[in-house]
$ cat coords.cif   # mmCIF, C-alpha atoms
data_run
#
loop_
_atom_site.label_atom_id
_atom_site.label_comp_id
_atom_site.auth_asym_id
_atom_site.auth_seq_id
_atom_site.Cartn_x
_atom_site.Cartn_y
_atom_site.Cartn_z
CA PRO A 14 98.40 82.74 120.75
CA ASP A 15 97.62 85.89 118.82
CA ARG A 16 99.91 86.47 115.87
CA ALA A 17 101.70 89.80 115.45
CA TRP A 18 99.44 91.52 112.88
CA GLU A 19 102.28 93.43 111.24
CA ARG A 20 104.30 90.27 110.62
CA GLU A 21 101.25 88.46 109.23
CA TRP A 22 100.54 91.42 106.94
CA LEU A 23 104.13 91.46 105.66
CA LYS A 24 103.67 87.96 104.24
CA HIS A 25 101.44 89.51 101.56
CA PHE A 26 103.46 92.65 100.84
CA ARG A 27 105.38 92.72 97.57
CA PRO A 28 108.12 95.11 96.37
CA ARG A 29 106.65 98.42 95.24
CA ARG A 30 108.08 100.95 92.81
CA PHE A 31 107.77 104.71 93.27
CA GLY A 32 108.62 106.86 90.26
CA ARG A 33 110.94 105.21 87.73
CA HIS A 34 113.88 104.00 89.81
CA LEU A 35 113.06 103.81 93.54
CA TRP A 36 111.82 100.55 95.10
CA VAL A 37 110.70 99.69 98.63
CA CYS A 38 111.29 96.02 99.39
CA PRO A 39 110.76 93.97 102.56
CA ALA A 40 113.90 92.20 103.73
CA GLY A 41 114.54 89.03 101.75
CA LEU A 42 112.66 90.14 98.61
CA THR A 43 113.90 91.73 95.39
CA PRO A 44 112.12 93.71 92.64
CA GLU A 45 110.82 91.83 89.61
CA ASP A 46 112.64 94.33 87.40
CA ASP A 47 116.21 93.09 86.86
CA GLY A 48 117.27 96.64 86.04
CA ALA A 49 115.91 98.10 89.26
CA GLY A 50 117.64 101.28 90.38
CA VAL A 51 117.70 102.34 94.03
CA ILE A 52 116.35 99.66 96.36
CA LEU A 53 115.32 100.65 99.89
CA THR A 54 115.17 97.52 102.03
CA LEU A 55 112.99 97.79 105.13
CA ASP A 56 109.94 96.23 106.69
CA PRO A 57 107.01 98.37 105.46
CA GLY A 58 104.48 98.95 108.19
CA LEU A 59 107.09 98.67 110.95
CA ALA A 60 109.26 101.73 110.31
CA PHE A 61 107.93 103.77 107.42
CA GLY A 62 104.39 102.67 106.72
CA THR A 63 103.53 100.71 103.62
CA GLY A 64 104.40 103.30 101.01
CA THR A 65 100.74 103.46 100.04
CA HIS A 66 99.92 106.34 102.40
CA GLU A 67 99.57 109.60 100.48
CA THR A 68 102.36 111.34 102.41
CA THR A 69 104.84 108.49 102.08
CA ALA A 70 104.09 107.93 98.40
CA LEU A 71 104.61 111.61 97.60
CA CYS A 72 107.89 111.60 99.49
CA LEU A 73 109.20 108.55 97.63
CA GLN A 74 108.11 109.89 94.25
CA TRP A 75 109.81 113.23 94.93
CA LEU A 76 113.08 111.56 95.92
CA ASP A 77 113.00 109.48 92.74
CA ALA A 78 112.39 112.53 90.55
CA HIS A 79 114.96 114.73 92.34
CA PRO A 80 117.92 112.50 93.28
CA PRO A 81 120.38 114.61 95.31
CA GLU A 82 123.49 113.20 93.63
CA ASN A 83 126.96 114.52 94.49
CA LEU A 84 125.58 117.04 96.96
CA ARG A 85 125.87 117.76 100.67
CA VAL A 86 122.46 117.22 102.24
CA LEU A 87 121.14 118.02 105.72
CA ASP A 88 118.22 115.90 106.90
CA PHE A 89 116.86 118.14 109.66
CA GLY A 90 115.05 116.27 112.42
CA CYS A 91 115.96 112.90 110.95
CA GLY A 92 114.23 110.83 113.63
CA ASN A 93 114.99 107.13 113.26
CA GLY A 94 116.80 107.69 109.96
CA VAL A 95 114.39 106.17 107.45
CA ALA A 96 114.37 109.20 105.15
CA THR A 97 118.09 109.68 105.81
CA ARG A 98 118.68 106.19 104.49
CA MET A 99 116.75 106.95 101.32
CA LEU A 100 118.86 110.06 100.81
CA ALA A 101 122.05 108.09 101.45
CA LYS A 102 121.01 105.53 98.84
CA GLU A 103 120.51 108.30 96.30
CA LEU A 104 123.91 109.74 97.23
CA SER A 105 125.70 106.42 96.82
CA ASN A 106 127.71 107.73 93.85
CA GLY A 107 129.00 110.77 95.70
CA GLY A 108 128.01 113.39 98.23
CA GLU A 109 127.17 113.27 101.92
CA VAL A 110 124.09 113.40 104.11
CA VAL A 111 124.10 114.69 107.67
CA GLY A 112 121.19 113.59 109.85
CA LEU A 113 120.44 116.04 112.66
CA GLU A 114 118.29 114.75 115.52
CA PRO A 115 118.36 116.25 119.05
CA SER A 116 116.76 113.19 120.68
CA LYS A 117 119.46 110.73 121.73
CA PHE A 118 116.91 107.92 121.61
CA TRP A 119 115.97 108.57 117.98
CA SER A 120 119.48 109.49 116.86
CA GLY A 121 120.61 106.15 118.29
CA LYS A 122 117.97 104.41 116.19
CA ALA A 123 119.20 106.33 113.14
CA GLU A 124 122.80 105.32 113.79
CA ASP A 125 121.78 101.66 114.00
CA ARG A 126 119.77 101.92 110.78
CA LEU A 127 122.62 103.57 108.89
CA LYS A 128 125.48 101.32 109.90
CA GLY A 129 127.56 100.55 106.84
CA PHE A 130 126.83 103.85 105.07
CA GLU A 131 130.11 105.71 104.76
CA ASN A 132 128.47 108.83 103.34
CA VAL A 133 126.27 109.51 106.41
CA ARG A 134 126.87 111.25 109.71
CA ILE A 135 124.28 111.40 112.49
CA LYS A 136 124.52 114.24 114.99
CA SER A 137 122.46 114.25 118.18
CA LEU A 138 122.26 118.03 118.35
CA THR A 139 119.93 120.94 117.71
CA ILE A 140 120.61 123.17 114.70
CA ALA A 141 122.05 125.80 117.07
CA GLU A 142 124.31 123.29 118.84
CA ALA A 143 125.57 121.87 115.55
CA ALA A 144 127.06 125.28 114.69
CA PHE A 145 127.44 124.53 110.99
CA ALA A 146 129.38 127.06 108.96
CA PRO A 147 127.29 129.36 106.75
CA ASP A 148 126.53 128.04 103.26
CA SER A 149 127.34 124.42 104.23
CA PHE A 150 124.59 122.46 102.43
CA ASP A 151 123.26 122.17 98.88
CA VAL A 152 119.95 120.66 100.01
CA ILE A 153 118.08 120.64 103.33
CA THR A 154 115.14 118.31 103.90
CA VAL A 155 112.54 118.94 106.61
CA PHE A 156 110.21 115.95 106.67
CA HIS A 157 107.30 116.40 109.12
CA VAL A 158 109.37 118.38 111.65
CA LEU A 159 108.49 122.07 111.50
CA HIS A 160 104.94 121.63 112.84
CA ASP A 161 106.33 119.93 115.97
CA ILE A 162 108.54 122.91 116.82
CA PRO A 163 106.88 125.38 119.24
CA PRO A 164 105.41 128.26 117.21
CA ALA A 165 107.53 130.84 119.01
CA GLU A 166 110.71 129.02 117.92
CA ARG A 167 109.87 128.35 114.28
CA ALA A 168 111.09 131.63 112.79
CA GLU A 169 114.53 131.32 114.40
CA THR A 170 114.78 127.67 113.36
CA VAL A 171 114.03 128.45 109.71
CA ARG A 172 116.47 131.37 109.82
CA GLN A 173 119.22 129.05 111.08
CA LEU A 174 118.43 126.56 108.32
CA ALA A 175 118.52 129.31 105.69
CA ASP A 176 121.89 130.48 107.00
CA VAL A 177 123.55 127.09 106.43
CA LEU A 178 122.01 126.65 102.96
CA LYS A 179 124.33 127.51 100.08
CA PRO A 180 123.33 130.28 97.64
CA GLY A 181 121.28 128.54 94.96
CA GLY A 182 120.58 125.66 97.34
CA LYS A 183 117.14 124.24 98.05
CA ILE A 184 115.21 123.51 101.22
CA LEU A 185 112.29 121.09 101.15
CA PHE A 186 109.46 121.44 103.66
CA TRP A 187 107.10 118.48 103.87
CA GLU A 188 104.44 119.17 106.49
CA PRO A 189 101.00 117.93 107.49
CA ILE A 190 98.30 120.58 107.19
CA GLY A 191 95.24 118.74 108.48
CA PHE A 192 92.80 120.57 110.74
CA ASP A 193 93.62 118.31 113.68
CA HIS A 194 97.34 117.91 112.98
CA GLY A 195 99.90 120.14 111.32
CA MET A 196 100.30 123.82 110.53
CA ALA A 197 98.97 126.36 108.06
CA VAL A 198 100.47 126.58 104.58
CA ALA A 199 100.49 130.36 104.85
CA GLU A 200 102.73 130.14 107.92
CA ILE A 201 105.25 127.90 106.15
CA LYS A 202 105.43 130.29 103.21
CA GLN A 203 105.73 133.31 105.52
CA LEU A 204 108.55 131.74 107.53
CA ALA A 205 110.47 130.91 104.36
CA GLY A 206 109.82 134.29 102.74
CA ASP A 207 110.96 136.20 105.82
CA CYS A 208 114.37 134.49 105.44
CA GLY A 209 114.69 135.49 101.80
CA LEU A 210 113.79 132.07 100.43
CA ARG A 211 111.74 132.04 97.23
CA MET A 212 109.21 129.42 96.22
CA ASP A 213 110.41 127.05 93.51
CA TYR A 214 107.76 124.31 93.71
CA GLU A 215 104.66 123.57 95.72
CA LYS A 216 102.07 120.86 95.95
CA GLU A 217 99.17 120.69 98.35
CA THR A 218 96.69 117.96 99.17
CA LYS A 219 94.02 117.91 101.85
CA LYS A 220 96.55 116.68 104.40
CA VAL A 221 100.05 117.50 103.16
CA PHE A 222 101.98 120.50 101.86
CA VAL A 223 105.24 120.12 99.92
CA GLY A 224 107.23 123.27 99.33
CA ILE A 225 110.67 123.63 97.77
CA PHE A 226 112.33 126.97 98.39
CA CYS A 227 115.55 128.36 96.89
CA LYS A 228 118.11 130.66 98.44
#
$ encode --input "coords.cif" --output "structure tokens"
Amino acid sequence: PDRAWEREWLKHFRPRRFGRHLWVCPAGLTPEDDGAGVILTLDPGLAFGTGTHETTALCLQWLDAHPPENLRVLDFGCGNGVATRMLAKELSNGGEVVGLEPSKFWSGKAEDRLKGFENVRIKSLTIAEAAFAPDSFDVITVFHVLHDIPPAERAETVRQLADVLKPGGKILFWEPIGFDHGMAVAEIKQLAGDCGLRMDYEKETKKVFVGIFCK
């Protein structure tokens, strides 16, 4: 019988380090570095890719360089909770992450993935339904979500996110910008600027835009 290609491939995958402290390790393996910092255990290729894809690698490197310690973080559109889990790992010494995912199917997957994390809450709601108090979060992450929101609804969505961000807080947009998939960088900047958010950092490749905006 044919073998499952992803399981065969995993036999050859070794722990990989991103930045100085963050490791991605398949279940059952450990980093060679005895002093390894944050270890994210998952099956690369099954849930989050291999870590070698440009988008994933940039995401992991950013999280390593900007650990959201002792903060309240909103992971907007958390999907199956893979990025939420990375955030929770970084917040292990304090703080809280709230994963917001309107799809009950995907929020259920996130809840399963994050069992055992006491600093995580998953809410199967839209940002409007969640009705967070103003100035509730220090950091908001938007990983590959904004481009999937209908264009007519994007401005209101970003406004709602800006409302729940604390003064001085940061919102991270991580969006594809390819010709056949994604949205224009100019639109992301316009949406953020219209809500009074100012650019703090940006990086652009042929396929991905990363923008950090401050309130």
$ atom_distance --input "coords.cif" --atom1 "atom CA of A:Leu204" --atom2 "atom CA of A:Thr218"
20.0 Å
$ atom_distance --input "coords.cif" --atom1 "atom CA of A:Gln173" --atom2 "atom CA of A:Arg126"
27.1 Å
$ closest_residue --input "coords.cif" --among "A:Ile201, A:Ile140, A:Cys227, A:Leu113" --to "A:Gly182" --atoms "all atoms listed in the file"
A:Cys227
$ resolve_selection --input "coords.cif" --expression "the PyMOL selection byres ((chain A and resi 127) around 12)" --output "PyMOL selection string"
chain A and resi 53-55+91+93-102+110-112+120-126+128-135
$ atom_distance --input "coords.cif" --atom1 "atom CA of A:Phe150" --atom2 "atom CA of A:Lys202"
20.7 Å
$ resolve_selection --input "coords.cif" --expression "the PyMOL selection byres ((chain A and resi 189) around 12)" --output "PDB file with C-alpha atoms, in the frame of the given file"
ATOM      1  CA  GLU A  67      99.570 109.600 100.480  1.00  0.00           C
ATOM      2  CA  THR A  68     102.360 111.340 102.410  1.00  0.00           C
ATOM      3  CA  THR A  69     104.840 108.490 102.080  1.00  0.00           C
ATOM      4  CA  VAL A 155     112.540 118.940 106.610  1.00  0.00           C
ATOM      5  CA  PHE A 156     110.210 115.950 106.670  1.00  0.00           C
ATOM      6  CA  HIS A 157     107.300 116.400 109.120  1.00  0.00           C
ATOM      7  CA  VAL A 158     109.370 118.380 111.650  1.00  0.00           C
ATOM      8  CA  LEU A 159     108.490 122.070 111.500  1.00  0.00           C
ATOM      9  CA  HIS A 160     104.940 121.630 112.840  1.00  0.00           C
ATOM     10  CA  ASP A 161     106.330 119.930 115.970  1.00  0.00           C
ATOM     11  CA  PHE A 186     109.460 121.440 103.660  1.00  0.00           C
ATOM     12  CA  TRP A 187     107.100 118.480 103.870  1.00  0.00           C
ATOM     13  CA  GLU A 188     104.440 119.170 106.490  1.00  0.00           C
ATOM     14  CA  ILE A 190      98.300 120.580 107.190  1.00  0.00           C
ATOM     15  CA  GLY A 191      95.240 118.740 108.480  1.00  0.00           C
ATOM     16  CA  PHE A 192      92.800 120.570 110.740  1.00  0.00           C
ATOM     17  CA  ASP A 193      93.620 118.310 113.680  1.00  0.00           C
ATOM     18  CA  HIS A 194      97.340 117.910 112.980  1.00  0.00           C
ATOM     19  CA  GLY A 195      99.900 120.140 111.320  1.00  0.00           C
ATOM     20  CA  MET A 196     100.300 123.820 110.530  1.00  0.00           C
ATOM     21  CA  ALA A 197      98.970 126.360 108.060  1.00  0.00           C
ATOM     22  CA  VAL A 198     100.470 126.580 104.580  1.00  0.00           C
ATOM     23  CA  ILE A 201     105.250 127.900 106.150  1.00  0.00           C
ATOM     24  CA  LYS A 216     102.070 120.860  95.950  1.00  0.00           C
ATOM     25  CA  GLU A 217      99.170 120.690  98.350  1.00  0.00           C
ATOM     26  CA  THR A 218      96.690 117.960  99.170  1.00  0.00           C
ATOM     27  CA  LYS A 219      94.020 117.910 101.850  1.00  0.00           C
ATOM     28  CA  LYS A 220      96.550 116.680 104.400  1.00  0.00           C
ATOM     29  CA  VAL A 221     100.050 117.500 103.160  1.00  0.00           C
ATOM     30  CA  PHE A 222     101.980 120.500 101.860  1.00  0.00           C
ATOM     31  CA  VAL A 223     105.240 120.120  99.920  1.00  0.00           C
ATOM     32  CA  GLY A 224     107.230 123.270  99.330  1.00  0.00           C
TER      33      GLY A 224
END
$ resolve_selection --input "coords.cif" --expression "the PyMOL selection byres ((chain A and resi 84) around 8)" --output "CSV table (one decimal) with C-alpha atoms, keeping the file's coordinate frame"
chain,number,residue,atom,x,y,z
A,81,PRO,CA,120.4,114.6,95.3
A,82,GLU,CA,123.5,113.2,93.6
A,83,ASN,CA,127.0,114.5,94.5
A,85,ARG,CA,125.9,117.8,100.7
A,86,VAL,CA,122.5,117.2,102.2
A,104,LEU,CA,123.9,109.7,97.2
A,107,GLY,CA,129.0,110.8,95.7
A,108,GLY,CA,128.0,113.4,98.2
A,109,GLU,CA,127.2,113.3,101.9
A,150,PHE,CA,124.6,122.5,102.4
A,151,ASP,CA,123.3,122.2,98.9
A,152,VAL,CA,120.0,120.7,100.0
$ closest_residue --input "coords.cif" --among "A:Ala168, A:Ser149, A:Gly92, A:Lys136" --to "A:Gly206" --atoms "all atoms listed in the file"
A:Ala168
$ residues_around --input "coords.cif" --residues "A:Pro115" --least-positions-apart "4" --cutoff "7 Å" --atoms "only C-alpha atoms" --output "list of chain:residue names"
A:Ser137, A:Leu138, A:Thr139
$ axis_aligned_box --input "coords.cif" --around "stretch 108-126 of chain A" --padding-each-side "8 Å" --output "JSON"
{"center_x": 122.0, "center_y": 109.0, "center_z": 110.0, "size_x": 28.0, "size_y": 30.6, "size_z": 39.5}
$ build_atoms --input "coords.cif" --residues "stretch 180-199 of chain A" --atoms "N, CA and C atoms" --output "mmCIF file, in the coordinates of the input"
data_model
loop_
_atom_site.group_PDB
_atom_site.id
_atom_site.type_symbol
_atom_site.label_atom_id
_atom_site.label_comp_id
_atom_site.auth_asym_id
_atom_site.auth_seq_id
_atom_site.Cartn_x
_atom_site.Cartn_y
_atom_site.Cartn_z
ATOM 1 N N PRO A 180 124.032 129.487 98.660
ATOM 2 C CA PRO A 180 123.330 130.280 97.640
ATOM 3 C C PRO A 180 122.981 129.373 96.452
ATOM 4 N N GLY A 181 121.737 129.425 96.033
ATOM 5 C CA GLY A 181 121.280 128.540 94.960
ATOM 6 C C GLY A 181 120.813 127.195 95.461
ATOM 7 N N GLY A 182 121.010 126.936 96.766
ATOM 8 C CA GLY A 182 120.580 125.660 97.340
ATOM 9 C C GLY A 182 119.073 125.616 97.546
ATOM 10 N N LYS A 183 118.579 124.420 97.892
ATOM 11 C CA LYS A 183 117.140 124.240 98.050
ATOM 12 C C LYS A 183 116.807 123.612 99.403
ATOM 13 N N ILE A 184 115.717 124.082 99.979
ATOM 14 C CA ILE A 184 115.210 123.510 101.220
ATOM 15 C C ILE A 184 113.803 122.980 100.963
ATOM 16 N N LEU A 185 113.579 121.754 101.375
ATOM 17 C CA LEU A 185 112.290 121.090 101.150
ATOM 18 C C LEU A 185 111.534 120.984 102.466
ATOM 19 N N PHE A 186 110.363 121.588 102.515
ATOM 20 C CA PHE A 186 109.460 121.440 103.660
ATOM 21 C C PHE A 186 108.343 120.483 103.271
ATOM 22 N N TRP A 187 108.126 119.495 104.119
ATOM 23 C CA TRP A 187 107.100 118.480 103.870
ATOM 24 C C TRP A 187 106.298 118.368 105.153
ATOM 25 N N GLU A 188 105.142 119.043 105.219
ATOM 26 C CA GLU A 188 104.440 119.170 106.490
ATOM 27 C C GLU A 188 102.970 118.790 106.389
ATOM 28 N N PRO A 189 102.437 118.187 107.450
ATOM 29 C CA PRO A 189 101.000 117.930 107.490
ATOM 30 C C PRO A 189 100.245 119.232 107.699
ATOM 31 N N ILE A 190 99.078 119.337 107.095
ATOM 32 C CA ILE A 190 98.300 120.580 107.190
ATOM 33 C C ILE A 190 96.847 120.292 107.557
ATOM 34 N N GLY A 191 96.605 119.090 108.104
ATOM 35 C CA GLY A 191 95.240 118.740 108.480
ATOM 36 C C GLY A 191 94.734 119.610 109.609
ATOM 37 N N PHE A 192 93.430 119.728 109.712
ATOM 38 C CA PHE A 192 92.800 120.570 110.740
ATOM 39 C C PHE A 192 93.220 120.135 112.129
ATOM 40 N N ASP A 193 93.316 118.830 112.347
ATOM 41 C CA ASP A 193 93.620 118.310 113.680
ATOM 42 C C ASP A 193 95.102 118.004 113.886
ATOM 43 N N HIS A 194 95.919 118.218 112.851
ATOM 44 C CA HIS A 194 97.340 117.910 112.980
ATOM 45 C C HIS A 194 98.134 118.638 111.901
ATOM 46 N N GLY A 195 99.085 119.455 112.313
ATOM 47 C CA GLY A 195 99.900 120.140 111.320
ATOM 48 C C GLY A 195 99.930 121.637 111.539
ATOM 49 N N MET A 196 100.215 122.364 110.461
ATOM 50 C CA MET A 196 100.300 123.820 110.530
ATOM 51 C C MET A 196 99.789 124.410 109.231
ATOM 52 N N ALA A 197 99.563 125.708 109.223
ATOM 53 C CA ALA A 197 98.970 126.360 108.060
ATOM 54 C C ALA A 197 100.012 126.552 106.965
ATOM 55 N N VAL A 198 99.591 126.366 105.724
ATOM 56 C CA VAL A 198 100.470 126.580 104.580
ATOM 57 C C VAL A 198 100.977 128.016 104.557
ATOM 58 N N ALA A 199 100.110 128.950 104.866
ATOM 59 C CA ALA A 199 100.490 130.360 104.850
ATOM 60 C C ALA A 199 101.648 130.628 105.820
#
